[in-house]
file run_31.cif (mmCIF, C-alpha atoms and all ligand atoms)
data_work
#
loop_
_atom_site.label_atom_id
_atom_site.label_comp_id
_atom_site.auth_asym_id
_atom_site.auth_seq_id
_atom_site.Cartn_x
_atom_site.Cartn_y
_atom_site.Cartn_z
CA MET A 1 78.00 4.44 76.12
CA ILE A 2 79.14 0.89 75.53
CA GLU A 3 76.39 -1.64 76.16
CA TYR A 4 76.81 -5.39 76.27
CA GLN A 5 74.35 -8.19 76.74
CA SER A 6 74.86 -9.73 80.13
CA GLY A 7 75.51 -13.41 80.62
CA ARG A 8 78.19 -15.77 79.54
CA ILE A 9 78.45 -17.52 76.29
CA ASP A 10 80.01 -20.85 75.72
CA LEU A 11 83.07 -20.19 73.63
CA ASN A 12 85.07 -23.35 74.10
CA SER A 13 83.68 -23.41 77.67
CA ARG A 14 86.23 -20.79 78.61
CA GLY A 15 83.61 -18.51 80.10
CA LYS A 16 84.28 -15.60 77.79
CA THR A 17 81.79 -12.77 77.92
CA LEU A 18 80.58 -10.76 75.00
CA GLY A 19 82.79 -7.89 76.15
CA ASP A 20 85.80 -10.16 75.65
CA LEU A 21 84.96 -10.19 71.97
CA ILE A 22 85.82 -6.52 71.37
CA PRO A 23 89.49 -7.29 70.68
CA VAL A 24 88.36 -10.06 68.33
CA ALA A 25 86.04 -7.70 66.46
CA GLU A 26 88.81 -5.11 66.28
CA GLN A 27 91.01 -7.52 64.33
CA PHE A 28 88.74 -6.89 61.36
CA LYS A 29 89.56 -3.18 61.06
CA PRO A 30 86.13 -1.77 61.90
CA GLN A 31 85.65 1.75 60.59
CA GLY A 32 84.54 3.09 63.96
CA GLU A 33 84.23 2.24 67.65
CA VAL A 34 82.61 -1.07 68.60
CA ILE A 35 79.57 -0.07 70.69
CA ASP A 36 77.67 -3.35 70.93
CA ILE A 37 78.18 -7.06 70.38
CA ARG A 38 75.34 -9.52 70.70
CA GLU A 39 74.57 -13.09 69.80
CA PHE A 40 72.79 -13.23 66.50
CA GLY A 41 70.49 -15.76 64.84
CA ASN A 42 69.89 -19.34 65.89
CA GLY A 43 72.74 -21.21 64.22
CA ASN A 44 73.17 -24.82 65.27
CA ILE A 45 76.88 -25.09 64.48
CA ASN A 46 78.92 -21.85 64.57
CA ASN A 47 78.79 -18.97 67.10
CA THR A 48 77.45 -15.85 65.41
CA PHE A 49 77.50 -12.26 66.69
CA LEU A 50 76.25 -8.94 65.40
CA VAL A 51 78.78 -6.18 65.98
CA THR A 52 77.50 -2.59 66.04
CA LEU A 53 79.82 0.31 65.30
CA ASN A 54 79.68 3.97 66.02
CA ALA A 55 80.44 4.86 62.43
CA LYS A 56 79.27 7.03 59.57
CA GLY A 57 79.27 4.25 56.95
CA GLU A 58 78.43 0.61 57.64
CA LYS A 59 77.07 0.31 61.14
CA HIS A 60 77.16 -3.46 61.60
CA PHE A 61 79.05 -6.56 60.71
CA ILE A 62 78.77 -10.25 61.48
CA LEU A 63 81.49 -11.90 63.53
CA GLN A 64 81.64 -15.68 63.61
CA ARG A 65 83.59 -18.34 65.36
CA ILE A 66 83.68 -21.37 63.11
CA ASN A 67 83.02 -24.71 64.74
CA THR A 68 86.17 -26.58 63.75
CA ARG A 69 84.87 -29.90 65.10
CA VAL A 70 82.42 -29.77 62.20
CA PHE A 71 84.41 -27.78 59.63
CA ARG A 72 87.81 -29.39 60.06
CA GLN A 73 89.53 -27.24 57.45
CA PRO A 74 87.98 -23.81 57.90
CA GLU A 75 90.40 -22.23 55.40
CA LEU A 76 88.54 -24.19 52.75
CA LEU A 77 85.27 -22.51 53.74
CA MET A 78 86.88 -19.18 53.09
CA HIS A 79 88.26 -20.41 49.77
CA ASN A 80 84.79 -21.54 48.64
CA MET A 81 83.24 -18.33 49.86
CA ARG A 82 85.72 -16.26 47.86
CA ILE A 83 85.29 -18.23 44.63
CA SER A 84 81.50 -18.37 44.83
CA THR A 85 80.90 -14.75 45.86
CA GLU A 86 83.29 -13.45 43.19
CA HIS A 87 81.39 -15.47 40.63
CA VAL A 88 78.00 -14.21 41.81
CA ARG A 89 79.25 -10.62 41.79
CA PHE A 90 80.50 -11.01 38.23
CA ARG A 91 77.14 -12.39 37.11
CA LEU A 92 75.20 -9.82 39.12
CA GLU A 93 76.94 -6.91 37.39
CA ARG A 94 75.68 -8.25 34.08
CA ALA A 95 72.23 -9.32 35.22
CA ARG A 96 68.95 -7.50 34.74
CA LEU A 97 66.94 -7.76 37.93
CA GLY A 98 63.21 -7.24 38.06
CA ALA A 99 62.00 -3.66 38.44
CA GLY A 100 62.81 -2.18 41.84
CA ARG A 101 64.74 -5.23 42.98
CA ARG A 102 68.16 -5.34 44.61
CA TRP A 103 70.41 -8.31 45.28
CA GLU A 104 73.25 -8.26 47.79
CA VAL A 105 76.23 -10.54 48.17
CA PRO A 106 77.85 -10.82 51.61
CA ARG A 107 81.50 -9.63 51.67
CA VAL A 108 84.32 -11.18 53.66
CA LEU A 109 86.07 -8.56 55.81
CA LEU A 110 89.83 -8.80 56.05
CA THR A 111 92.04 -8.47 59.12
CA GLN A 112 94.78 -5.93 59.79
CA ASP A 113 97.13 -8.36 57.99
CA SER A 114 94.76 -8.69 55.04
CA LEU A 115 93.78 -12.25 55.97
CA ASP A 116 90.26 -13.62 55.66
CA HIS A 117 90.26 -14.96 59.22
CA TRP A 118 91.90 -14.52 62.57
CA ALA A 119 93.06 -17.31 64.88
CA ASP A 120 93.05 -16.40 68.57
CA SER A 121 95.39 -17.81 71.19
CA ASP A 122 92.95 -20.69 71.90
CA GLY A 123 93.17 -21.67 68.24
CA SER A 124 89.58 -20.49 67.61
CA PHE A 125 88.93 -19.56 63.98
CA TRP A 126 87.20 -16.19 63.61
CA ARG A 127 85.96 -14.49 60.49
CA ALA A 128 83.86 -11.43 59.72
CA ILE A 129 81.25 -10.79 57.06
CA SER A 130 79.39 -7.68 56.02
CA PHE A 131 75.86 -7.30 57.36
CA ILE A 132 73.14 -6.64 54.81
CA GLU A 133 71.71 -3.37 56.09
CA GLY A 134 67.97 -2.85 56.03
CA SER A 135 67.25 -6.57 55.98
CA GLN A 136 65.73 -9.20 58.24
CA SER A 137 64.92 -12.90 58.24
CA PHE A 138 62.44 -15.13 60.06
CA ASP A 139 62.74 -18.57 61.64
CA ALA A 140 59.41 -19.72 60.26
CA ILE A 141 57.53 -18.83 57.12
CA ARG A 142 55.00 -15.97 57.43
CA ASP A 143 52.77 -16.21 54.39
CA LEU A 144 52.53 -17.16 50.72
CA TYR A 145 54.33 -14.01 49.62
CA HIS A 146 57.27 -14.82 51.89
CA ALA A 147 57.33 -18.37 50.50
CA GLY A 148 57.48 -17.05 46.92
CA GLU A 149 60.35 -14.75 47.84
CA VAL A 150 62.30 -17.60 49.45
CA GLY A 151 61.85 -19.63 46.26
CA TYR A 152 62.97 -16.66 44.17
CA ALA A 153 66.11 -16.26 46.30
CA LEU A 154 67.11 -19.89 45.91
CA GLY A 155 66.44 -19.65 42.17
CA MET A 156 68.62 -16.53 41.89
CA PHE A 157 71.40 -18.26 43.77
CA HIS A 158 71.27 -21.42 41.64
CA ASN A 159 71.00 -19.39 38.49
CA PHE A 160 74.04 -17.22 39.29
CA LEU A 161 76.10 -20.29 40.17
CA SER A 162 74.83 -22.57 37.42
CA ASP A 163 77.93 -21.83 35.31
CA LEU A 164 80.48 -22.19 38.11
CA PRO A 165 82.00 -25.67 37.63
CA PRO A 166 81.57 -27.38 41.01
CA ASP A 167 85.08 -28.82 40.91
CA ARG A 168 86.41 -25.29 41.48
CA LEU A 169 85.10 -25.64 45.03
CA ALA A 170 86.49 -27.76 47.83
CA ASP A 171 84.48 -30.39 49.65
CA THR A 172 84.35 -28.63 53.00
CA LEU A 173 82.12 -31.15 54.72
CA GLU A 174 82.52 -34.68 53.48
CA GLY A 175 79.32 -36.70 53.38
CA PHE A 176 77.08 -33.64 53.84
CA HIS A 177 73.54 -34.50 52.64
CA ILE A 178 74.58 -37.99 51.59
CA ALA A 179 71.74 -39.93 53.20
CA PRO A 180 73.40 -43.39 53.04
CA ARG A 181 76.34 -41.97 55.01
CA TYR A 182 74.00 -40.69 57.71
CA LEU A 183 72.41 -44.14 57.87
CA ARG A 184 75.81 -45.75 58.32
CA LEU A 185 76.66 -43.34 61.11
CA TYR A 186 73.27 -44.03 62.71
CA ASP A 187 73.95 -47.78 62.65
CA GLU A 188 77.35 -47.27 64.27
CA VAL A 189 75.85 -45.08 66.97
CA LEU A 190 73.00 -47.51 67.62
CA ALA A 191 75.49 -50.33 68.07
CA LYS A 192 77.46 -48.31 70.63
CA TYR A 193 74.95 -46.29 72.65
CA ARG A 194 71.94 -47.65 74.40
CA ALA A 195 68.81 -45.62 73.64
CA SER A 196 66.25 -45.26 76.40
CA LYS A 197 63.17 -46.95 74.99
CA SER A 198 60.63 -44.16 75.43
CA PRO A 199 57.62 -44.16 73.08
CA GLU A 200 59.22 -41.23 71.19
CA VAL A 201 62.51 -43.07 70.73
CA ASN A 202 60.67 -46.20 69.59
CA TYR A 203 58.73 -44.13 67.09
CA CYS A 204 61.99 -42.77 65.63
CA LEU A 205 63.67 -46.20 65.47
CA GLN A 206 60.67 -47.64 63.66
CA PHE A 207 60.34 -44.63 61.39
CA ILE A 208 63.92 -44.93 60.21
CA SER A 209 63.85 -48.67 59.72
CA GLU A 210 60.78 -48.42 57.46
CA ARG A 211 62.49 -45.94 55.13
CA ARG A 212 66.11 -46.94 55.05
CA ALA A 213 66.09 -48.74 51.70
CA TRP A 214 64.38 -45.81 49.96
CA ALA A 215 66.78 -43.27 51.48
CA HIS A 216 69.39 -44.13 48.84
CA VAL A 217 67.20 -42.66 46.13
CA LEU A 218 69.19 -39.51 45.28
CA GLU A 219 72.62 -41.09 45.66
CA ASP A 220 71.55 -44.00 43.43
CA ALA A 221 70.36 -41.52 40.79
CA ARG A 222 73.68 -39.73 41.04
CA ALA A 223 75.66 -42.98 40.73
CA GLN A 224 73.62 -43.85 37.62
CA GLY A 225 74.45 -40.48 36.10
CA ARG A 226 70.82 -39.36 36.22
CA LEU A 227 71.64 -36.42 38.49
CA LEU A 228 74.79 -34.30 38.23
CA LEU A 229 76.82 -32.40 40.77
CA ARG A 230 76.45 -28.64 40.68
CA THR A 231 77.38 -25.75 42.94
CA ILE A 232 74.87 -25.66 45.77
CA HIS A 233 74.15 -23.63 48.90
CA GLY A 234 73.70 -26.61 51.22
CA ASP A 235 71.53 -24.85 53.82
CA PRO A 236 68.86 -22.68 52.15
CA LYS A 237 66.47 -22.75 55.08
CA VAL A 238 63.99 -19.95 55.62
CA ASN A 239 66.10 -17.92 58.04
CA ASN A 240 69.04 -17.79 55.65
CA ILE A 241 67.01 -15.77 53.16
CA MET A 242 67.28 -12.05 53.87
CA LEU A 243 64.28 -9.85 53.10
CA ASP A 244 64.25 -6.11 52.62
CA SER A 245 62.82 -4.75 55.89
CA VAL A 246 60.51 -2.36 54.05
CA THR A 247 59.35 -4.22 50.94
CA GLY A 248 59.66 -7.81 52.18
CA GLN A 249 61.38 -8.75 48.91
CA ALA A 250 64.19 -11.28 49.08
CA ILE A 251 67.52 -9.51 48.64
CA SER A 252 70.16 -12.02 49.65
CA ILE A 253 70.95 -15.53 50.76
CA VAL A 254 73.44 -15.82 53.59
CA ASP A 255 75.29 -18.54 55.53
CA LEU A 256 77.59 -19.59 52.71
CA ASP A 257 79.60 -22.16 54.70
CA THR A 258 78.13 -25.13 52.93
CA VAL A 259 78.43 -23.76 49.39
CA LYS A 260 80.14 -26.67 47.68
CA PRO A 261 79.57 -29.36 45.05
CA GLY A 262 76.28 -31.22 45.57
CA LEU A 263 72.89 -31.97 44.04
CA VAL A 264 70.51 -29.04 43.64
CA HIS A 265 67.99 -31.47 45.07
CA TYR A 266 69.58 -31.15 48.48
CA ASP A 267 68.83 -27.44 48.30
CA ILE A 268 65.33 -27.77 46.88
CA GLY A 269 64.46 -30.38 49.52
CA ASP A 270 66.00 -28.38 52.34
CA CYS A 271 64.30 -25.17 51.31
CA LEU A 272 60.89 -26.82 51.07
CA ARG A 273 61.15 -28.84 54.27
CA SER A 274 61.98 -25.58 56.03
CA CYS A 275 59.49 -23.25 54.31
CA CYS A 276 56.46 -25.50 54.19
CA ASN A 277 56.49 -26.26 57.90
CA PRO A 278 54.48 -23.32 59.27
CA LEU A 279 55.16 -24.28 62.90
CA GLY A 280 58.91 -24.04 62.30
CA GLU A 281 61.61 -26.61 62.97
CA GLU A 282 62.00 -25.61 66.61
CA THR A 283 58.36 -26.05 67.63
CA GLU A 284 57.61 -28.14 70.73
CA GLN A 285 54.23 -29.13 69.22
CA TRP A 286 55.69 -31.90 67.12
CA GLU A 287 52.44 -33.89 67.00
CA THR A 288 50.75 -31.14 64.99
CA VAL A 289 53.55 -30.45 62.52
CA TYR A 290 52.43 -30.58 58.90
CA PHE A 291 53.64 -29.81 55.40
CA ASP A 292 51.63 -27.02 53.77
CA SER A 293 51.30 -27.76 50.06
CA ASP A 294 50.04 -24.23 49.25
CA LEU A 295 53.34 -22.91 50.56
CA CYS A 296 55.12 -25.56 48.50
CA ARG A 297 53.42 -24.28 45.36
CA ALA A 298 54.39 -20.70 46.23
CA VAL A 299 58.06 -21.61 46.81
CA LEU A 300 58.28 -23.54 43.54
CA GLU A 301 56.47 -20.76 41.66
CA GLY A 302 59.13 -18.35 42.94
CA TYR A 303 61.97 -20.75 42.23
CA LEU A 304 61.28 -22.20 38.80
CA PRO A 305 61.20 -19.03 36.66
CA MET A 306 64.73 -18.30 37.92
CA ALA A 307 66.12 -21.82 37.83
CA GLY A 308 63.95 -23.71 35.37
CA GLY A 309 66.34 -22.94 32.53
CA PHE A 310 68.97 -25.42 33.64
CA LEU A 311 66.83 -28.14 35.21
CA THR A 312 66.61 -31.36 33.21
CA GLU A 313 63.82 -33.90 32.87
CA ASN A 314 65.56 -36.09 35.48
CA ASP A 315 65.95 -33.13 37.80
CA PHE A 316 62.18 -32.65 37.78
CA TYR A 317 61.60 -36.34 38.27
CA TYR A 318 63.44 -36.33 41.62
CA ILE A 319 62.01 -33.15 43.14
CA TYR A 320 59.33 -34.95 45.14
CA ASP A 321 61.86 -37.46 46.51
CA SER A 322 64.17 -34.63 47.47
CA ILE A 323 61.48 -32.95 49.59
CA ARG A 324 60.66 -36.17 51.39
CA LEU A 325 64.31 -37.21 51.73
CA ILE A 326 65.80 -34.03 53.16
CA ALA A 327 63.10 -33.84 55.86
CA PHE A 328 63.74 -37.50 56.70
CA GLU A 329 67.52 -37.05 56.57
CA LEU A 330 67.46 -34.06 58.93
CA GLY A 331 65.31 -36.07 61.36
CA LEU A 332 67.83 -38.90 61.12
CA ARG A 333 70.72 -36.50 61.76
CA PHE A 334 69.00 -34.97 64.82
CA PHE A 335 68.03 -38.38 66.19
CA THR A 336 71.54 -39.80 65.72
CA ASP A 337 72.95 -36.80 67.54
CA HIS A 338 70.45 -37.31 70.35
CA LEU A 339 71.57 -40.94 70.72
CA LYS A 340 75.20 -39.90 70.62
CA GLY A 341 74.79 -37.31 73.39
CA ASP A 342 74.38 -34.05 71.40
CA VAL A 343 77.86 -33.70 69.97
CA TYR A 344 77.08 -32.03 66.63
CA PHE A 345 74.08 -29.67 66.87
CA THR A 346 74.00 -27.07 69.62
CA VAL A 347 71.20 -27.94 72.04
CA ARG A 348 69.33 -25.44 74.20
CA ARG A 349 67.35 -27.83 76.41
CA PRO A 350 67.36 -31.53 77.39
CA GLU A 351 66.13 -33.85 74.64
CA HIS A 352 66.24 -30.93 72.20
CA ASN A 353 67.63 -33.06 69.37
CA LEU A 354 64.98 -35.72 69.98
CA ALA A 355 62.24 -33.08 69.74
CA ARG A 356 63.80 -31.72 66.54
CA ALA A 357 63.92 -35.24 65.07
CA LEU A 358 60.23 -35.78 65.86
CA VAL A 359 59.36 -32.52 64.08
CA GLN A 360 61.16 -33.64 60.92
CA PHE A 361 59.66 -37.15 61.01
CA LYS A 362 56.13 -35.76 61.41
CA LEU A 363 56.85 -33.45 58.51
CA THR A 364 58.06 -36.40 56.43
CA GLU A 365 54.84 -38.28 57.22
CA SER A 366 52.81 -35.29 56.13
CA ILE A 367 54.82 -35.05 52.89
CA GLU A 368 54.22 -38.74 52.23
CA SER A 369 50.50 -38.43 52.83
CA GLN A 370 50.32 -35.62 50.23
CA ALA A 371 52.53 -37.26 47.61
CA LYS A 372 49.87 -36.99 44.92
CA GLU A 373 49.17 -33.30 45.49
CA ILE A 374 52.88 -32.45 45.60
CA LEU A 375 53.56 -34.37 42.38
CA THR A 376 50.69 -32.48 40.75
CA ILE A 377 52.13 -29.14 41.86
CA ILE A 378 55.52 -30.04 40.38
CA ARG A 379 53.88 -31.12 37.13
CA ASP A 380 51.68 -27.99 36.92
CA ILE A 381 54.44 -25.46 37.30
CA ARG A 382 56.94 -27.01 34.92
C1 LIG B 401 72.65 -26.63 60.72
O1 LIG B 401 74.02 -24.15 61.90
P1 LIG B 401 72.90 -23.97 60.94
O2 LIG B 401 71.65 -23.69 61.69
O3 LIG B 401 73.23 -22.96 59.87
C2 LIG B 401 73.11 -27.68 59.70
C3 LIG B 401 72.11 -27.80 58.56
C4 LIG B 401 70.73 -28.11 59.12
C5 LIG B 401 70.34 -27.01 60.11
C6 LIG B 401 68.99 -27.31 60.72
C7 LIG B 401 76.73 -27.65 58.61
O4 LIG B 401 72.72 -25.36 60.12
O5 LIG B 401 72.50 -28.85 57.70
O6 LIG B 401 69.77 -28.19 58.09
O7 LIG B 401 71.33 -26.92 61.15
N1 LIG B 401 74.43 -27.29 59.17
C8 LIG B 401 75.45 -28.17 59.12
O8 LIG B 401 68.53 -26.17 61.34
O9 LIG B 401 75.35 -29.33 59.48
MG MG B 402 74.14 -23.18 58.07
#
call {"tool": "encode", "arguments": {"input": "run_31.cif", "output": "structure tokens", "more": "lines below"}}
Ligand code: GN1
Ligand code: MG
result
Amino acid sequence: MIEYQSGRIDLNSRGKTLGDLIPVAEQFKPQGEVIDIREFGNGNINNTFLVTLNAKGEKHFILQRINTRVFRQPELLMHNMRISTEHVRFRLERARLGAGRRWEVPRVLLTQDSLDHWADSDGSFWRAISFIEGSQSFDAIRDLYHAGEVGYALGMFHNFLSDLPPDRLADTLEGFHIAPRYLRLYDEVLAKYRASKSPEVNYCLQFISERRAWAHVLEDARAQGRLLLRTIHGDPKVNNIMLDSVTGQAISIVDLDTVKPGLVHYDIGDCLRSCCNPLGEETEQWETVYFDSDLCRAVLEGYLPMAGGFLTENDFYYIYDSIRLIAFELGLRFFTDHLKGDVYFTVRRPEHNLARALVQFKLTESIESQAKEILTIIRDIR
């Protein structure tokens, strides 16, 4: 029996239903009948679906519609994905993993015409990726063990890509994680749109203005040659780390759309701002959000044995700033989008982006108030 989730999804506001996606899924030569398609994960940019097949071999794959307002040249995403996954596979074949461990690299599935994507008649850009069977991920961190595994996964990823020259990859999203660019955009938006002056909005305006000079810290270090571009993931938040459903060990890192040249600090900061916020980035209890430094220690203890080999003295020096900055930057990005009328991040309720911004700013405050402890953790585990 074919079962579909009821309800309509917003695919270009054309009122398509999940059932309408069968012909899309079939473009990718599934080895069996499509028996279910459902929305998958909580992505803020692309539309993601899990396709289930009635098949002997692989029973699922991931179908995605790329948001081309954000990723203007989606072919470049596929180019980067091919180069980076081929490189990781090459390294993986020669790597010795810890006892009992496995590591999986998502595969791009090709269409009937052997292309890595399919454009429908609306011009939507679709692509399909293998699903890592026997795995799961969580939107918020569960415990110290989970935190260590997330750190390990990011370390594996950085390690495998540490010898891929970043200039082999395209810049698929110009300005991504460049805090001064987000500040410029924020200023433009503020000049154009009138913000309602609620206490929450005032808090955000004030919060940003007090930190804007400091927010250049990583880009200044890069301009001075103190930090170098490498191949990065771009979005190593907790739910992009796949865990083995039985052992809980990290076995893959997914969502490779932002793999491109960048500072590893963007990744370290993003991973920690995501993992060390036990309430999760979508909580409505923004007043009680805090940064858990025990989790921070666990993530870094998982990360450094894998990645420590290529980190320089300067790299270590900027780790604390990266944690503080990426939390602040994400708050700034959410708040700017709120002011602009929610044009970038998908929102699921009114004022959603404002609430998300408040969560990140509270987290930033908590990071700032624990600067000493965090610096000690970084020093201890070097
Ligand atoms: C976006 O779509 P998703 O959830 O994978 C965003 C990230 C943010 C994240 C916050 C391309 O990622 O930078 O950290 O939301 N991706 C892009 O949840 O902007
Ligand atoms: Mg992403």
call {"tool": "closest_atom_pairs", "arguments": {"input": "run_31.cif", "of": "chain A", "to": "ligand LIG 401 (chain B)", "cutoff": "7 Å", "atoms": "all atoms listed in the file", "output": "CSV"}}
result
residue,atom,partner,partner_atom,distance
A:Asn42,CA,B:LIG401,O2,6.3
A:Gly43,CA,B:LIG401,O2,3.7
A:Asn44,CA,B:LIG401,O1,3.5
A:Ile45,CA,B:LIG401,O1,4.0
A:Asn46,CA,B:LIG401,O1,6.0
A:Gly234,CA,B:LIG401,O5,7.0
A:Asp235,CA,B:LIG401,C3,5.6
A:Asp255,CA,B:LIG401,O3,6.5
A:Thr258,CA,B:LIG401,C7,6.4
A:Asp270,CA,B:LIG401,O6,6.9
A:Leu330,CA,B:LIG401,O6,6.4
A:Phe345,CA,B:LIG401,O7,6.9
call {"tool": "residues_near_point", "arguments": {"input": "run_31.cif", "point": "(57.1, -16.9, 60.6)", "cutoff": "10 Å", "atoms": "all atoms listed in the file", "output": "list in words"}}
result
Ser137, Phe138, Asp139, Ala140, Ile141, Arg142, Asp143, His146, Val238, Asn239, Cys275, Asn277, Pro278, Leu279 and Gly280 of chain A
call {"tool": "closest_residue", "arguments": {"input": "run_31.cif", "among": "A:Glu149, A:Asp337, A:Glu373, A:Glu86", "to": "Ala355 of chain A", "atoms": "only C-alpha atoms"}}
result
A:Asp337
call {"tool": "residues_around", "arguments": {"input": "run_31.cif", "residues": "Val217 of chain A", "least_positions_apart": "2", "cutoff": "9 Å", "atoms": "only C-alpha atoms", "output": "PyMOL selection string"}}
result
chain A and resi 179+213-215+219-222+318+321-322+325
call {"tool": "closest_residue", "arguments": {"input": "run_31.cif", "among": "A:Arg101, A:Ala153, A:Asp120, A:Gly248", "to": "Ser135 of chain A", "atoms": "all atoms listed in the file"}}
result
A:Gly248
call {"tool": "closest_atom_pairs", "arguments": {"input": "run_31.cif", "of": "segment 307-346 of chain A", "to": "segment 156-169 of chain A", "cutoff": "12 Å", "atoms": "all atoms listed in the file", "output": "Markdown table"}}
result
| residue | atom | partner | partner_atom | distance |
| --- | --- | --- | --- | --- |
| A:Ala307 | CA | A:Asn159 | CA | 5.5 |
| A:Gly308 | CA | A:Asn159 | CA | 8.8 |
| A:Gly309 | CA | A:Asn159 | CA | 8.4 |
| A:Phe310 | CA | A:Ser162 | CA | 7.5 |
| A:Leu311 | CA | A:Ser162 | CA | 10.0 |
call {"tool": "atom_distance", "arguments": {"input": "run_31.cif", "atom1": "atom CA of Arg379 of chain A", "atom2": "atom CA of Leu332 of chain A"}}
result
28.8 Å
call {"tool": "residues_around", "arguments": {"input": "run_31.cif", "residues": "segment 22-28 of chain A", "least_positions_apart": "6", "cutoff": "12 Å", "atoms": "only C-alpha atoms", "output": "VMD selection string"}}
result
chain A and resid 2 to 4 16 34 to 38 48 to 53 60 to 65 108 to 121 124 to 130
call {"tool": "closest_residue", "arguments": {"input": "run_31.cif", "among": "A:Ile326, A:Ala298, A:Met306, A:Met242", "to": "Tyr145 of chain A", "atoms": "only C-alpha atoms"}}
result
A:Ala298
call {"tool": "decode", "arguments": {"input": "run_31.cif", "residues": "segment 303-316 of chain A", "atoms": "N, CA and C atoms", "output": "compact mmCIF listing (two decimals), in the first residue's frame"}}
result
# COMPACT_ATOMS: atom_id res chain seq x y z
N TYR A 303 37.20 16.33 19.46
CA TYR A 303 37.69 16.95 18.23
C TYR A 303 39.22 16.94 18.11
N LEU A 304 39.89 17.37 19.18
CA LEU A 304 41.32 17.67 19.05
C LEU A 304 42.21 16.47 18.70
N PRO A 305 41.95 15.27 19.25
CA PRO A 305 42.82 14.16 18.87
C PRO A 305 42.76 13.88 17.36
N MET A 306 41.64 14.21 16.73
CA MET A 306 41.52 13.97 15.29
C MET A 306 42.12 15.11 14.49
N ALA A 307 41.96 16.33 15.00
CA ALA A 307 42.29 17.52 14.19
C ALA A 307 43.51 18.26 14.70
N GLY A 308 43.94 17.94 15.92
CA GLY A 308 45.02 18.72 16.53
C GLY A 308 46.28 18.76 15.68
N GLY A 309 46.50 17.74 14.87
CA GLY A 309 47.72 17.63 14.09
C GLY A 309 47.95 18.78 13.13
N PHE A 310 46.91 19.41 12.64
CA PHE A 310 47.14 20.48 11.67
C PHE A 310 46.79 21.86 12.22
N LEU A 311 46.39 21.94 13.48
CA LEU A 311 46.06 23.26 14.03
C LEU A 311 47.34 23.97 14.49
N THR A 312 47.43 25.24 14.17
CA THR A 312 48.63 26.02 14.53
C THR A 312 48.39 26.77 15.84
N GLU A 313 49.46 27.37 16.32
CA GLU A 313 49.39 28.21 17.52
C GLU A 313 48.28 29.29 17.37
N ASN A 314 48.29 29.95 16.22
CA ASN A 314 47.27 30.98 15.96
C ASN A 314 45.87 30.39 15.94
N ASP A 315 45.76 29.20 15.35
CA ASP A 315 44.44 28.56 15.32
C ASP A 315 43.89 28.43 16.74
N PHE A 316 44.74 27.94 17.64
CA PHE A 316 44.29 27.78 19.03
C PHE A 316 43.92 29.12 19.64
